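Pasted below: query_37.cif, mmCIF, C-alpha atoms.
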```cif
data_coords
#
loop_
_atom_site.label_atom_id
_atom_site.label_comp_id
_atom_site.auth_asym_id
_atom_site.auth_seq_id
_atom_site.Cartn_x
_atom_site.Cartn_y
_atom_site.Cartn_z
CA MET G 4 49.03 -63.59 -19.05
CA ASP G 5 46.22 -64.83 -16.79
CA LEU G 6 43.15 -62.82 -17.81
CA SER G 7 40.88 -64.21 -15.10
CA PRO G 8 41.40 -61.18 -12.77
CA ILE G 9 40.21 -58.89 -15.59
CA TRP G 10 37.09 -60.99 -16.27
CA LEU G 11 36.39 -61.26 -12.55
CA THR G 12 36.71 -57.47 -12.18
CA LEU G 13 34.37 -56.82 -15.11
CA LYS G 14 31.85 -59.35 -13.73
CA LEU G 15 32.04 -57.75 -10.28
CA ALA G 16 31.59 -54.23 -11.71
CA ALA G 17 28.65 -55.29 -13.91
CA ILE G 18 26.79 -57.07 -11.08
CA THR G 19 27.49 -54.23 -8.62
CA THR G 20 26.28 -51.61 -11.10
CA LEU G 21 23.12 -53.57 -11.87
CA ILE G 22 22.29 -54.03 -8.18
CA LEU G 23 22.97 -50.36 -7.48
CA LEU G 24 20.76 -49.32 -10.39
CA LEU G 25 17.92 -51.39 -8.97
CA ILE G 26 18.21 -50.20 -5.38
CA GLY G 27 19.91 -46.84 -5.99
CA LEU G 28 17.29 -45.30 -8.28
CA PRO G 29 14.31 -45.60 -5.92
CA LEU G 30 16.53 -44.73 -2.95
CA ALA G 31 17.86 -41.60 -4.66
CA TRP G 32 14.32 -40.59 -5.62
CA TRP G 33 13.12 -41.06 -2.05
CA LEU G 34 16.07 -39.08 -0.69
CA SER G 35 15.45 -36.27 -3.19
CA LYS G 36 11.99 -35.65 -1.81
CA LYS G 37 11.18 -33.68 1.35
CA ARG G 38 14.01 -33.69 3.92
CA SER G 39 13.68 -35.35 7.29
CA LEU G 40 16.15 -36.20 10.05
CA ALA G 41 15.95 -39.90 9.16
CA LYS G 42 16.83 -39.14 5.53
CA ILE G 43 19.79 -36.96 6.55
CA VAL G 44 21.15 -39.78 8.75
CA ILE G 45 20.65 -42.38 5.98
CA GLU G 46 22.34 -40.11 3.45
CA ALA G 47 25.28 -39.58 5.80
CA ILE G 48 25.67 -43.37 6.17
CA ILE G 49 25.50 -43.85 2.38
CA THR G 50 28.17 -41.14 1.93
CA MET G 51 30.57 -42.61 4.52
CA PRO G 52 32.49 -44.80 2.02
CA LEU G 53 33.57 -41.61 0.22
CA VAL G 54 35.52 -40.39 3.23
CA LEU G 55 36.28 -43.58 5.14
CA PRO G 56 39.55 -45.42 4.37
CA PRO G 57 38.53 -48.52 2.34
CA SER G 58 40.47 -50.75 4.75
CA VAL G 59 38.32 -49.52 7.67
CA LEU G 60 35.12 -50.33 5.78
CA GLY G 61 36.57 -53.68 4.74
CA PHE G 62 37.63 -54.44 8.30
CA TYR G 63 34.14 -53.85 9.69
CA LEU G 64 32.55 -55.86 6.87
CA LEU G 65 35.00 -58.65 7.64
CA LEU G 66 34.00 -58.54 11.31
CA ALA G 67 30.29 -58.34 10.54
CA PHE G 68 30.22 -61.21 8.05
CA SER G 69 32.85 -63.45 9.60
CA PRO G 70 31.25 -66.87 10.30
CA GLN G 71 32.64 -66.63 13.85
CA HIS G 72 30.58 -63.54 14.69
CA GLY G 73 26.89 -62.66 15.09
CA LEU G 74 25.53 -61.74 11.65
CA GLY G 75 27.95 -63.87 9.63
CA HIS G 76 27.37 -66.82 11.96
CA TRP G 77 23.59 -66.44 11.67
CA LEU G 78 23.75 -66.18 7.85
CA GLN G 79 25.82 -69.33 7.62
CA GLN G 80 23.67 -71.28 10.07
CA THR G 81 20.32 -70.15 8.62
CA PHE G 82 20.95 -69.78 4.88
CA ASP G 83 24.30 -71.53 4.46
CA VAL G 84 25.70 -68.31 2.99
CA GLN G 85 29.24 -67.14 3.59
CA PHE G 86 30.29 -63.68 2.47
CA VAL G 87 33.87 -63.66 3.69
CA PHE G 88 36.49 -64.81 1.12
CA SER G 89 33.84 -65.37 -1.56
CA PHE G 90 32.68 -63.56 -4.71
CA LYS G 91 29.34 -62.84 -2.98
CA GLY G 92 31.29 -60.95 -0.32
CA LEU G 93 33.04 -58.89 -2.99
CA VAL G 94 29.66 -57.97 -4.49
CA LEU G 95 28.25 -56.97 -1.10
CA ALA G 96 31.32 -54.87 -0.25
CA SER G 97 31.33 -53.26 -3.70
CA VAL G 98 27.64 -52.37 -3.48
CA ILE G 99 28.21 -50.62 -0.15
CA TYR G 100 31.48 -49.02 -1.24
CA SER G 101 30.20 -47.71 -4.59
CA MET G 102 26.74 -46.69 -3.38
CA PRO G 103 27.48 -42.94 -3.05
CA PHE G 104 28.71 -42.84 -6.65
CA MET G 105 25.27 -43.98 -7.84
CA ILE G 106 23.06 -42.21 -5.27
CA SER G 107 24.64 -38.75 -5.14
CA PRO G 108 24.46 -37.70 -8.83
CA VAL G 109 21.04 -39.28 -9.31
CA LYS G 110 19.64 -37.63 -6.18
CA SER G 111 20.99 -34.23 -7.25
CA ALA G 112 19.49 -34.68 -10.71
CA PHE G 113 16.05 -35.49 -9.25
CA GLN G 114 16.31 -32.44 -6.98
CA GLN G 115 17.12 -30.16 -9.90
CA LEU G 116 13.93 -31.10 -11.75
CA PRO G 117 11.23 -28.50 -11.03
CA ALA G 118 8.57 -29.80 -8.60
CA SER G 119 5.93 -28.67 -11.11
CA LEU G 120 6.89 -31.55 -13.47
CA SER G 121 5.67 -34.17 -10.98
CA GLN G 122 2.72 -31.99 -10.03
CA ALA G 123 1.66 -31.63 -13.68
CA SER G 124 1.79 -35.39 -14.06
CA TYR G 125 -0.30 -35.95 -10.91
CA THR G 126 -2.98 -33.54 -12.15
CA LEU G 127 -3.19 -35.68 -15.32
CA GLY G 128 -4.16 -38.59 -13.08
CA LYS G 129 -0.79 -40.33 -13.15
CA THR G 130 0.50 -42.26 -10.14
CA GLN G 131 3.86 -41.62 -8.49
CA TRP G 132 5.29 -44.68 -10.25
CA GLN G 133 4.01 -43.60 -13.71
CA THR G 134 5.42 -40.12 -13.06
CA PHE G 135 8.76 -41.57 -12.01
CA TRP G 136 8.98 -43.83 -15.05
CA HIS G 137 7.62 -41.55 -17.82
CA VAL G 138 8.57 -38.06 -16.62
CA LEU G 139 11.35 -38.00 -14.02
CA LEU G 140 13.61 -40.83 -15.13
CA PRO G 141 13.85 -39.80 -18.83
CA ASN G 142 14.76 -36.26 -17.79
CA ILE G 143 17.75 -37.27 -15.69
CA LYS G 144 19.24 -39.56 -18.38
CA PRO G 145 22.65 -37.83 -18.64
CA SER G 146 23.11 -37.87 -14.85
CA LEU G 147 21.97 -41.48 -14.69
CA LEU G 148 24.49 -42.46 -17.33
CA THR G 149 27.25 -40.58 -15.51
CA ALA G 150 26.32 -42.29 -12.23
CA THR G 151 26.24 -45.73 -13.90
CA VAL G 152 29.64 -45.29 -15.50
CA LEU G 153 31.19 -43.80 -12.35
CA THR G 154 29.86 -46.72 -10.31
CA PHE G 155 31.20 -49.25 -12.83
CA ALA G 156 34.59 -47.53 -13.12
CA HIS G 157 34.90 -47.07 -9.36
CA THR G 158 34.19 -50.77 -8.78
CA LEU G 159 36.92 -51.64 -11.30
CA GLY G 160 39.41 -49.77 -9.18
CA GLU G 161 38.47 -51.08 -5.74
CA PHE G 162 41.35 -52.46 -3.73
CA GLY G 163 41.25 -52.06 0.05
CA VAL G 164 37.70 -53.24 0.63
CA VAL G 165 37.86 -56.25 -1.68
CA LEU G 166 41.24 -57.31 -0.25
CA MET G 167 39.92 -57.19 3.31
CA ILE G 168 36.72 -59.14 2.72
CA GLY G 169 37.76 -61.30 -0.25
CA GLY G 170 41.46 -61.87 0.17
CA ASN G 171 43.44 -62.97 -2.88
CA ILE G 172 41.99 -66.27 -4.11
CA PRO G 173 42.74 -66.81 -7.84
CA GLY G 174 39.57 -67.12 -9.91
CA VAL G 175 37.35 -66.34 -6.91
CA THR G 176 38.33 -63.03 -5.34
CA ARG G 177 41.54 -62.04 -7.11
CA VAL G 178 40.38 -58.97 -9.02
CA ALA G 179 42.61 -56.89 -11.33
CA SER G 180 43.66 -54.29 -8.76
CA ILE G 181 44.81 -57.06 -6.42
CA ALA G 182 46.54 -58.83 -9.30
CA VAL G 183 48.53 -55.61 -9.96
CA TYR G 184 49.59 -55.40 -6.33
CA ASP G 185 50.41 -59.10 -6.23
CA SER G 186 52.49 -58.91 -9.41
CA VAL G 187 54.48 -55.97 -8.06
CA GLU G 188 55.06 -57.85 -4.79
CA GLN G 189 56.50 -60.70 -6.87
CA ARG G 190 58.52 -58.23 -8.97
CA ASP G 191 56.59 -59.33 -12.07
CA TYR G 192 56.39 -55.80 -13.45
CA ALA G 193 55.36 -56.96 -16.95
CA SER G 194 52.14 -58.55 -15.65
CA ALA G 195 51.50 -55.56 -13.36
CA ASN G 196 51.89 -53.29 -16.36
CA ASN G 197 49.53 -55.40 -18.50
CA TYR G 198 46.78 -55.44 -15.86
CA SER G 199 47.24 -51.71 -15.24
CA LEU G 200 47.12 -50.83 -18.92
CA ILE G 201 43.93 -52.82 -19.47
CA LEU G 202 42.25 -51.17 -16.45
CA PHE G 203 43.46 -47.75 -17.56
CA ALA G 204 42.17 -48.25 -21.11
CA ILE G 205 38.74 -49.54 -20.04
CA THR G 206 38.11 -46.74 -17.55
CA PHE G 207 39.44 -44.03 -19.88
CA VAL G 208 37.21 -45.13 -22.77
CA MET G 209 34.18 -45.29 -20.47
CA VAL G 210 34.70 -41.88 -18.89
CA LEU G 211 35.49 -40.32 -22.29
CA SER G 212 32.30 -41.81 -23.79
CA VAL G 213 30.21 -40.26 -21.00
CA PHE G 214 31.78 -36.87 -21.54
CA ILE G 215 31.13 -37.06 -25.29
CA TYR G 216 27.54 -38.28 -24.79
CA ASN G 217 26.73 -35.58 -22.25
CA LYS G 218 28.26 -32.88 -24.42
CA TYR G 219 25.73 -33.64 -27.14
CA GLN G 220 22.80 -34.44 -24.85
CA ALA G 221 22.98 -31.70 -22.24
CA LYS G 222 21.03 -29.19 -24.27
CA SER G 223 17.82 -29.34 -22.31
CA PRO G 224 17.42 -26.48 -19.82
CA LEU G 225 16.82 -29.07 -17.13
CA GLU G 226 20.07 -30.94 -17.61
CA MET M 30 -20.02 -26.20 -7.74
CA ILE M 31 -16.74 -25.75 -5.90
CA ALA M 32 -17.04 -24.50 -2.33
CA VAL M 33 -13.81 -23.36 -0.74
CA ASN M 34 -13.32 -22.27 2.86
CA ILE M 35 -9.66 -22.53 3.73
CA GLU M 36 -6.79 -21.04 5.70
CA LYS M 37 -3.09 -21.32 5.09
CA LYS M 38 -0.11 -19.61 6.67
CA LEU M 39 2.25 -18.36 3.98
CA LYS M 40 5.87 -17.38 4.40
CA ALA M 41 6.35 -13.71 3.56
CA TYR M 42 9.34 -11.37 3.78
CA ASN M 43 7.95 -9.91 7.03
CA GLY M 44 7.09 -13.24 8.66
CA LEU M 45 4.02 -15.42 8.28
CA GLN M 46 0.88 -14.08 6.66
CA LEU M 47 -2.49 -15.75 6.82
CA LEU M 48 -4.26 -16.56 3.55
CA ARG M 49 -7.97 -16.96 4.23
CA ILE M 50 -10.41 -17.60 1.41
CA LYS M 51 -14.11 -18.37 1.51
CA LYS M 52 -15.76 -18.54 -1.88
CA THR M 53 -18.13 -20.61 -3.98
CA PHE M 54 -17.50 -21.06 -7.69
CA LEU M 55 -20.57 -21.81 -9.79
CA PRO M 56 -20.50 -24.61 -12.41
CA GLY M 57 -19.43 -23.44 -15.85
CA GLY M 58 -18.35 -20.05 -14.50
CA ILE M 59 -15.11 -18.30 -15.29
CA THR M 60 -13.53 -16.50 -12.36
CA ARG M 61 -10.65 -14.09 -12.64
CA ILE M 62 -8.26 -14.18 -9.70
CA THR M 63 -6.23 -11.07 -9.01
CA GLY M 64 -3.87 -9.87 -6.32
CA PRO M 65 -0.34 -8.62 -5.74
CA SER M 66 2.70 -10.85 -6.21
CA GLY M 67 3.28 -13.14 -3.27
CA ALA M 68 -0.31 -12.84 -2.04
CA GLY M 69 -0.88 -16.58 -2.48
CA LYS M 70 -2.70 -16.87 -5.82
CA THR M 71 -0.63 -19.85 -7.01
CA THR M 72 -0.81 -21.49 -3.58
CA PHE M 73 -4.58 -21.07 -3.65
CA LEU M 74 -4.84 -22.86 -7.02
CA LYS M 75 -2.48 -25.61 -5.82
CA MET M 76 -4.58 -26.13 -2.69
CA ILE M 77 -7.66 -26.69 -4.82
CA ALA M 78 -5.76 -29.12 -7.06
CA GLY M 79 -4.49 -31.05 -4.03
CA LEU M 80 -0.83 -30.20 -4.65
CA VAL M 81 -0.54 -28.14 -1.45
CA SER M 82 -2.48 -28.76 1.76
CA PRO M 83 -4.36 -25.97 3.54
CA ASP M 84 -3.85 -25.67 7.33
CA ASN M 85 -7.57 -25.50 8.03
CA GLY M 86 -10.96 -25.61 6.40
CA THR M 87 -12.76 -27.52 3.67
CA ILE M 88 -12.85 -27.84 -0.11
CA LYS M 89 -15.94 -29.43 -1.62
CA ALA M 90 -16.76 -30.22 -5.23
CA ASN M 91 -20.50 -30.78 -5.60
CA ASP M 92 -21.24 -33.61 -3.16
CA THR M 93 -17.66 -34.79 -2.80
CA THR M 94 -15.35 -33.55 -0.06
CA TRP M 95 -11.84 -33.05 -1.44
CA PHE M 96 -10.34 -31.64 1.72
CA ASP M 97 -11.49 -31.45 5.32
CA ALA M 98 -8.88 -30.56 7.94
CA SER M 99 -11.10 -31.53 10.88
CA GLN M 100 -11.57 -35.05 9.49
CA LYS M 101 -7.98 -35.22 8.18
CA MET M 102 -9.32 -35.91 4.74
CA ASN M 103 -7.26 -34.92 1.70
CA LEU M 104 -8.14 -36.41 -1.68
CA ALA M 105 -5.09 -37.07 -3.88
CA PRO M 106 -4.65 -34.76 -6.92
CA GLN M 107 -4.94 -37.80 -9.20
CA LEU M 108 -8.50 -38.36 -7.96
CA ARG M 109 -9.58 -34.72 -8.21
CA ARG M 110 -8.98 -34.68 -12.00
CA VAL M 111 -8.42 -30.94 -12.04
CA GLY M 112 -6.80 -29.42 -15.13
CA PHE M 113 -3.85 -27.23 -14.16
CA VAL M 114 -1.92 -24.76 -16.29
CA PHE M 115 1.30 -23.95 -14.46
CA GLN M 116 2.87 -20.51 -14.55
CA ASP M 117 6.20 -22.07 -15.61
CA TYR M 118 4.27 -24.37 -18.03
CA ALA M 119 5.82 -27.51 -16.42
CA LEU M 120 6.26 -29.14 -19.82
CA PHE M 121 8.07 -32.48 -19.97
CA PRO M 122 11.42 -31.94 -21.78
CA ASN M 123 11.54 -35.58 -22.92
CA MET M 124 8.16 -35.52 -24.70
CA THR M 125 7.07 -34.06 -28.03
CA VAL M 126 3.97 -31.89 -28.28
CA LYS M 127 1.86 -34.89 -29.33
CA GLN M 128 3.35 -37.13 -26.64
CA HIS M 129 2.33 -34.57 -24.00
CA LEU M 130 -1.27 -34.97 -25.08
CA GLU M 131 -1.00 -38.74 -25.51
CA TYR M 132 0.35 -38.95 -21.96
CA ALA M 133 -2.85 -37.31 -20.74
CA THR M 134 -5.42 -39.04 -22.99
CA ASP M 135 -5.68 -41.85 -25.54
CA ASN M 136 -8.52 -40.18 -27.45
CA ALA M 137 -6.88 -39.51 -30.86
CA ASP M 138 -9.71 -37.27 -32.16
CA TRP M 139 -9.57 -35.14 -29.05
CA ILE M 140 -5.79 -34.84 -29.37
CA ASN M 141 -6.12 -33.67 -32.98
CA ARG M 142 -8.73 -31.11 -32.01
CA LEU M 143 -6.56 -29.76 -29.21
CA LEU M 144 -3.58 -29.53 -31.58
CA THR M 145 -5.73 -27.47 -33.96
CA ILE M 146 -7.10 -25.16 -31.26
CA GLY M 147 -3.60 -24.62 -29.90
CA GLY M 148 -2.21 -23.98 -33.40
CA LEU M 149 0.29 -26.72 -32.76
CA GLU M 150 -0.37 -29.22 -35.60
CA THR M 151 2.85 -28.41 -37.43
CA PHE M 152 4.84 -28.71 -34.20
CA ALA M 153 3.40 -32.05 -33.11
CA SER M 154 6.77 -33.78 -33.24
CA HIS M 155 8.71 -30.95 -31.59
CA LYS M 156 9.97 -31.08 -28.03
CA PRO M 157 9.40 -28.04 -25.74
CA ASP M 158 13.01 -26.95 -26.17
CA HIS M 159 12.24 -26.22 -29.84
CA LEU M 160 9.02 -24.26 -29.24
CA SER M 161 8.61 -20.52 -28.71
CA GLY M 162 7.33 -19.22 -25.37
CA GLY M 163 3.84 -18.74 -26.80
CA GLN M 164 3.76 -22.25 -28.27
CA GLN M 165 4.91 -23.71 -24.96
CA GLN M 166 2.17 -21.85 -23.14
CA ARG M 167 -0.47 -23.07 -25.59
CA LEU M 168 0.77 -26.63 -25.16
CA ALA M 169 0.49 -26.28 -21.38
CA ILE M 170 -3.15 -25.19 -21.81
CA MET M 171 -3.96 -28.01 -24.26
CA ARG M 172 -2.35 -30.62 -22.01
CA ALA M 173 -4.50 -29.46 -19.08
CA LEU M 174 -7.60 -29.68 -21.29
CA ALA M 175 -6.67 -33.14 -22.56
CA ILE M 176 -8.24 -34.79 -19.49
CA LYS M 177 -11.52 -32.92 -20.17
CA PRO M 178 -11.52 -31.41 -16.69
CA LYS M 179 -14.67 -30.21 -14.96
CA LEU M 180 -12.47 -27.71 -13.14
CA LEU M 181 -9.59 -25.91 -14.84
CA LEU M 182 -7.07 -23.88 -12.84
CA MET M 183 -4.92 -21.54 -14.92
CA ASP M 184 -1.97 -19.62 -13.51
CA GLU M 185 -1.16 -16.66 -15.76
CA PRO M 186 -2.05 -18.73 -18.85
CA PHE M 187 -1.90 -16.03 -21.52
CA SER M 188 1.17 -14.03 -20.44
CA ALA M 189 3.36 -15.13 -23.37
CA LEU M 190 0.73 -14.77 -26.12
CA ASP M 191 0.35 -11.84 -28.51
CA VAL M 192 -2.96 -9.96 -28.53
CA LYS M 193 -4.32 -11.61 -31.69
CA MET M 194 -3.43 -15.15 -30.62
CA LYS M 195 -4.74 -14.50 -27.11
CA SER M 196 -8.16 -13.29 -28.23
CA ALA M 197 -8.56 -16.18 -30.75
CA LEU M 198 -7.54 -18.73 -28.12
CA ILE M 199 -9.85 -17.28 -25.47
CA LYS M 200 -12.78 -17.52 -27.91
CA ASP M 201 -11.97 -21.17 -28.62
CA LEU M 202 -11.57 -21.89 -24.92
CA GLN M 203 -14.98 -20.42 -24.17
CA VAL M 204 -16.54 -22.84 -26.66
CA LEU M 205 -14.64 -25.75 -25.12
CA PHE M 206 -15.54 -24.78 -21.56
CA LYS M 207 -19.20 -24.67 -22.53
CA GLU M 208 -18.99 -28.02 -24.28
CA LEU M 209 -17.19 -29.71 -21.38
CA GLY M 210 -19.11 -27.86 -18.65
CA THR M 211 -15.79 -26.65 -17.28
CA THR M 212 -15.49 -24.23 -14.39
CA ALA M 213 -12.38 -22.11 -14.84
CA LEU M 214 -10.34 -20.16 -12.30
CA ILE M 215 -7.83 -17.92 -14.04
CA VAL M 216 -5.06 -15.95 -12.37
CA SER M 217 -4.50 -12.84 -14.47
CA HIS M 218 -2.65 -9.59 -13.93
CA ASN M 219 -3.98 -8.00 -17.08
CA PRO M 220 -7.33 -6.25 -16.30
CA GLN M 221 -8.52 -6.26 -19.92
CA GLU M 222 -7.51 -9.83 -20.68
CA LEU M 223 -10.75 -11.46 -19.56
CA ASP M 224 -13.16 -8.60 -20.22
CA GLY M 225 -16.49 -9.97 -21.39
CA VAL M 226 -15.37 -13.50 -20.57
CA SER M 227 -15.26 -13.63 -16.80
CA ARG M 228 -18.21 -12.37 -14.80
CA ASP M 229 -16.79 -13.33 -11.44
CA GLU M 230 -13.69 -12.07 -9.66
CA LEU M 231 -11.73 -13.06 -6.58
CA GLU M 232 -9.14 -10.72 -5.14
CA ILE M 233 -6.46 -12.28 -2.97
CA GLY M 234 -4.30 -10.23 -0.61
#
```

Write-out of the structure in structure tokens:
Amino acid sequence: MDLSPIWLTLKLAAITTLILLLIGLPLAWWLSKKRSLAKIVIEAIITMPLVLPPSVLGFYLLLAFSPQHGLGHWLQQTFDVQFVFSFKGLVLASVIYSMPFMISPVKSAFQQLPASLSQASYTLGKTQWQTFWHVLLPNIKPSLLTATVLTFAHTLGEFGVVLMIGGNIPGVTRVASIAVYDSVEQRDYASANNYSLILFAITFVMVLSVFIYNKYQAKSPLE
Amino acid sequence: MIAVNIEKKLKAYNGLQLLRIKKTFLPGGITRITGPSGAGKTTFLKMIAGLVSPDNGTIKANDTTWFDASQKMNLAPQLRRVGFVFQDYALFPNMTVKQHLEYATDNADWINRLLTIGGLETFASHKPDHLSGGQQQRLAIMRALAIKPKLLLMDEPFSALDVKMKSALIKDLQVLFKELGTTALIVSHNPQELDGVSRDELEIG
């Protein structure tokens, strides 16, 4: 059995999760603070992938980053970067597609922390960054773990978006979910079953681990 | 000396109500703040600490202006260095008793002294979740004192303490306030609580 789709999927999920941790945490924190119209609009845009058919999102990403059109053309001319039918494109699409899975739980967790926690830290002379790092972040650990695992697991299962923007290039964009579809198309049910079982096992173990961890951690009144 | 002359519209059940306070607090003095629930006592303390902005007026500490609405000046709470004891304690669930104090100061002797005054030495490695209400309240007070504040704002700071513990703690606090030259503003519903301690009173609402 060709294991490259599994490795590619795991690599894609790991990179996507890491990027979303880096940009999602500050974004979720910012969104959790005082509401404004701009924040509501940004949050609606971030949430869109939850309700939009993945093929629609993939189609627009394909249009936007196609080297024949504006943004894609400019990126290729200026930076010699091509997102369509490349691993970079899969990462970009996955980051956009999985963003609500990272942002939503983390934002809710920040909002559930009493405002007085930050205020107490400020009165001790601590900056917003110190407060974020030493007080807020450690107190949303279970939610952060849930968000990280959900993001990783969701990226493992992506199909429509990655197919639209990445196609089905072995070793480059052929992730496990596409390999399952491809195997079924070719009536190779044994391979389809192997890929499916591996995906099922990985995601089940991850989700189960989070449930077990949170069961023993969620004893604080704030969690 | 803290000179306050501020206005703030507060949301009340019957619409907006105007909180207007003009008062000077002398250095080293202890002022008891009283008033009915919802009158704005907590908001008043938070305005002094810089956690809530008044709509109008000024707040001055000695020669420094902390807030001036006409000049759009509002000094950040981090720069005011005001000790604040929150009504809900606002303890950090991830930190032990000692870590709370270490977060506020790196003076180990001072931390040990605060642990002793608060009767918290044996609980130094406990997190708030494993402390009683009274212990949590004492930790909140010690954490606020850890920065050696010149101004200490306390919102119902003794409500969870028994009579014996309260009177011992108040005695110790008086010594500390004198030593640090701390001005204290204490919201208290209990008329006897600060008898003989506070000579000044501010009624809100």

task: Give as a list in words every residue of chain G that touches chain M within 7 Å, counting all atoms listed in the file.
output: Ser119, Leu120, Gln122, Ala123, Tyr125, Thr126, Leu127, Gly128, Lys129, Val138, Pro141, Asn142 and Ser223 of chain G

- request: Record the distance separating CA of Phe207 in chain G and CA of Pro57 in chain G, expressed in Å with one decimal.
  value: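 One can read the CA of Phe207 in chain G to CA of Pro57 in chain G distance as 22.7 Å.
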
statement: Expressed in Å, the length from CA of Leu159 in chain G to CA of Ile215 in chain G is 21.0 Å

- request: Would you kindly translate the PyMOL selection byres ((chain M and resi 206-220) around 7) into the concrete residues it picks from this file, as a list of chain:residue names?
  value: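 When the PyMOL selection byres ((chain M and resi 206-220) around 7) is applied, the selected residues are M:Pro56, M:Gly57, M:Gly58, M:Ile59, M:Thr60, M:Arg61, M:Ile62, M:Thr63, M:Lys177, M:Pro178, M:Lys179, M:Leu180, M:Leu181, M:Leu182, M:Met183, M:Asp184, M:Glu185, M:Leu202, M:Gln203, M:Val204, M:Leu205, M:Gln221, M:Glu222.
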
- request: Considering all atoms listed in the file, return as a list of chain:residue names whatever protein or nucleic-acid residues lie within 10 Å of Lys218 in chain G, sequence-local ones (same chain, fewer than 5 positions apart) excluded.
  value: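 Near Lys218 in chain G, the qualifying residues are G:Pro145, G:Ser212, G:Val213.
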
Find the residues around Ile18 in chain G up to 8 Å (only C-alpha atoms counted), leave out those fewer than 4 positions away in its own chain, and share them as a PDB file with C-alpha atoms, in the coordinates of the input.
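What ended up in out.pdb:
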```pdb
ATOM      1  CA  LYS G  14      31.850 -59.350 -13.730  1.00  0.00           C
ATOM      2  CA  ILE G  22      22.290 -54.030  -8.180  1.00  0.00           C
ATOM      3  CA  VAL G  94      29.660 -57.970  -4.490  1.00  0.00           C
TER       4      VAL G  94
END
```

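Using all atoms listed in the file, the shortest contact distance between Ile45 in chain G and any of G:Met4, G:Met167, G:Met102, G:Val87 is found at G:Met102.
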